[in-house]
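> What follows is a single structure, and I will ask about it in a moment.
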Amino acid sequence: MEMNASYTSFVAVGDSFTEGMSDRLPDGSYRGWADLLAARLAAREPGFRYANLAVRGKLIGQIVEEQVDAAAAMRADVVTLVGGLNDALRPKCDMGRVRGLLEEAAGRLAPSCGRLVLMRSPGRNGPVMERFRPRMEELFAFVDELARRHDALVVDLYGAPTLGDQRLWDVDRLHLTPEGHRRVAEAVWQTLGLPAEHDWRAELPPALPAGWAERRVADVRFARQHLFPWIGRRLTGRSSGDGLPAKRPELLPFAPLPQGPPA
């Protein structure tokens with residue numbers, strides 16, 4: 001990619017990862033890597049416009065049905081498409097259907113935008129990751145194939161070991177911390193051909209191992225606050241995003257969100 005490329009508009013499509021959970025601002029809203037990237041792009045281009053159609057909990061079929069046509073109609077310079085991982089992490093998943101829907105999404109978006117950006121999403125190290133790793137790698141291999149077919153860019157977050165560090169993941173073990181989102185924003189920034197501001201792959205300082213009691217307390221808190229509610233939604237067919245609108249549904253001039261410390 002050309003260094004110092006110019007981008008005047010950006011549309012983000014996807015699920016909770018792109019919505020910005022768990023990068024929470026003092027007012028309770030979420031910021032996330034897409035907002036951080038938009039703020040940096042806006043600082044370079046007067047009149048820069050940004051839309052974020054992503055909603056937490058969305059499966060790839062919902063992303064295609066609810067977001068893709070709207071994003072394509074905006075004809076932005078940059079469109080990011082990240083989806084399918086919520087499907088792959090479910091106990092039962094038709095990966096052939098997921099691939100077909102991703103193909104449909106990329107096929108609609110690529111001709112309508114200046115540059116389509118896909119991602120190989122990061123994965124937190126641990127037993128859940130190991131259980132679903134084959135599906136994730138099948139998904140990411142297809143992302144690479146789509147990129148070749150549609151001349152899209154791929155941000156390889158999965159290939160960065162530092163993003164597997166549990167310290168870059170929130171207590172829900174599903175979403176990145178503010179520092180994790182900052183690193184993703186930098187990764188996309190560099191993939192777009194813009195000059196690096198920091199090394200987003202840099203390893204964190206060595207951590208002191210947590211004691212047995214501390215780990216058990218964290219496990220109980222995680223199960224009570226996050227795992228059991230997640231299982232309950234799966235059993236009843238509900239989603240954390242049911243009834244929630246996109247936070248930036250229109251492609252409008254971007255006024256950066258407050259950049260204060262997360263709550």
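In the structure tokens, the first chain shown is A, the next is B, and so on; residue numbers restart at 1 for each chain, and ligands run from 1 in the order shown.
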Residues near Pro205 in chain A, anyone? I mean within 12 Å using only C-alpha atoms, not counting same-chain ones fewer than 6 positions away, as a list of chain:residue names.

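Those residues are A:Thr162, A:Asp165, A:Arg167.
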
> Put those residues in a file: N, CA, C and O atoms, as a PDB file, in the first residue's frame.


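So again-v2.pdb came out as:
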ATOM      1  N   THR A 162       1.131 -11.529  20.666  1.00  0.00           N
ATOM      2  CA  THR A 162       0.858 -10.647  21.805  1.00  0.00           C
ATOM      3  C   THR A 162      -0.632 -10.442  22.023  1.00  0.00           C
ATOM      4  O   THR A 162      -1.076 -10.227  23.159  1.00  0.00           O
ATOM      5  N   ASP A 165      -2.339 -12.600  24.624  1.00  0.00           N
ATOM      6  CA  ASP A 165      -2.038 -12.374  26.037  1.00  0.00           C
ATOM      7  C   ASP A 165      -3.319 -12.025  26.784  1.00  0.00           C
ATOM      8  O   ASP A 165      -4.036 -11.095  26.407  1.00  0.00           O
ATOM      9  N   ARG A 167      -3.892 -10.440  29.310  1.00  0.00           N
ATOM     10  CA  ARG A 167      -3.954  -9.084  29.852  1.00  0.00           C
ATOM     11  C   ARG A 167      -4.541  -8.082  28.855  1.00  0.00           C
ATOM     12  O   ARG A 167      -4.892  -6.964  29.238  1.00  0.00           O
TER      13      ARG A 167
END

> Under the rule of at most 12 Å, produce a per-residue listing of range 152-172 of chain A near range 72-87 of chain A: chain, number, name, the closest pair of atoms, and the distance in Å, as a tab-separated table, using only C-alpha atoms.


residue	atom	partner	partner_atom	distance
A:Ala152	CA	A:Thr80	CA	9.7
A:Leu153	CA	A:Thr80	CA	9.3
A:Val154	CA	A:Thr80	CA	9.7
A:Val155	CA	A:Thr80	CA	10.0
A:Asp156	CA	A:Val82	CA	11.8
A:Leu157	CA	A:Val82	CA	11.7

> Those residues you just picked out, can you put them in a file as a PDB file, in the first residue's frame with C-alpha atoms?


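File written: part_7.pdb
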ATOM      1  CA  ALA A 152      -9.016  -6.802  -0.350  1.00  0.00           C
ATOM      2  CA  LEU A 153      -6.540  -6.143   2.447  1.00  0.00           C
ATOM      3  CA  VAL A 154      -6.194  -8.539   5.387  1.00  0.00           C
ATOM      4  CA  VAL A 155      -5.209  -7.444   8.897  1.00  0.00           C
ATOM      5  CA  ASP A 156      -3.642 -10.522  10.479  1.00  0.00           C
ATOM      6  CA  LEU A 157      -4.396 -10.123  14.167  1.00  0.00           C
TER       7      LEU A 157
END

> Please extract the residues of range 11-251 of chain A with a backbone DSSP assignment of strand (DSSP E) and present them as JSON, numbers by chain.

{"A": [11, 12, 13, 49, 50, 51, 52, 78, 79, 80, 81, 115, 116, 117, 118, 119, 120, 153, 154, 155, 156, 248, 249, 250, 251]}

> A:Phe132, A:Ala51, A:Ser9, A:Asp144: which is nearest Pro91 in chain A, counting only C-alpha atoms?

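Under the stated criterion, the closest residue is A:Phe132.
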
> Give me, as a list in words, all polymer residues having an atom no more than 8 Å from Gly14 in chain A, counting only C-alpha atoms and skipping those fewer than 3 positions away in the same chain.

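So, after excluding close chain neighbours, the residues are Phe17, Thr18, Glu19, Leu53, Ala54, Val55, Lys58, Ile63, Gln67, Leu81, Val82 and Gly83 of chain A.
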
> Which one of A:Arg99, A:Arg135, A:His150, A:Arg183 sits closest to Ser112 in chain A if you count only C-alpha atoms?

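Looking only at the distances to Ser112 in chain A, the closest residue turns out to be A:His150.
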
> Go ahead and compute the interatomic distance for CA of His198 in chain A and CA of Gly123 in chain A, in Å to one decimal.

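CA of Gly123 in chain A lies 21.3 Å from CA of His198 in chain A.
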
> Go through A:Glu138, A:Asp172, A:Glu130, A:Asp15 and flag the residue nearest Gly32 in chain A, using only C-alpha atoms for the distances.

A:Asp15

> Would you please extract all alpha helix (DSSP H) residues from range 79-139 of chain A, as assigned by DSSP on the backbone, and give them as a count of residues only?

32

> I'd like the neighbourhood of range 187-189 of chain A as JSON, numbers by chain, where a residue qualifies if any of its atoms comes within 10 Å (using only C-alpha atoms), though same-chain residues fewer than 2 positions away should be ignored.

{"A": [33, 34, 36, 37, 38, 40, 41, 80, 117, 118, 119, 153, 154, 155, 156, 157, 181, 182, 183, 184, 185, 191, 192, 193, 194, 195, 196, 197, 198, 199, 200, 201]}

> So how far away is CA of Leu116 in chain A from CA of Gly243 in chain A, in Å?

27.7 Å

> Using CA of Gly47 in chain A and CA of Thr8 in chain A as the two end points, give the distance in Å to one decimal.

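So the two atoms, CA of Gly47 in chain A and CA of Thr8 in chain A, lie 7.3 Å apart.
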
> Would you mind listing what lies within 7 Å of Leu168 in chain A as a ChimeraX atom specification, with only C-alpha atoms counted and same-chain residues fewer than 5 positions away left out?

/A:163,176-177,179-180
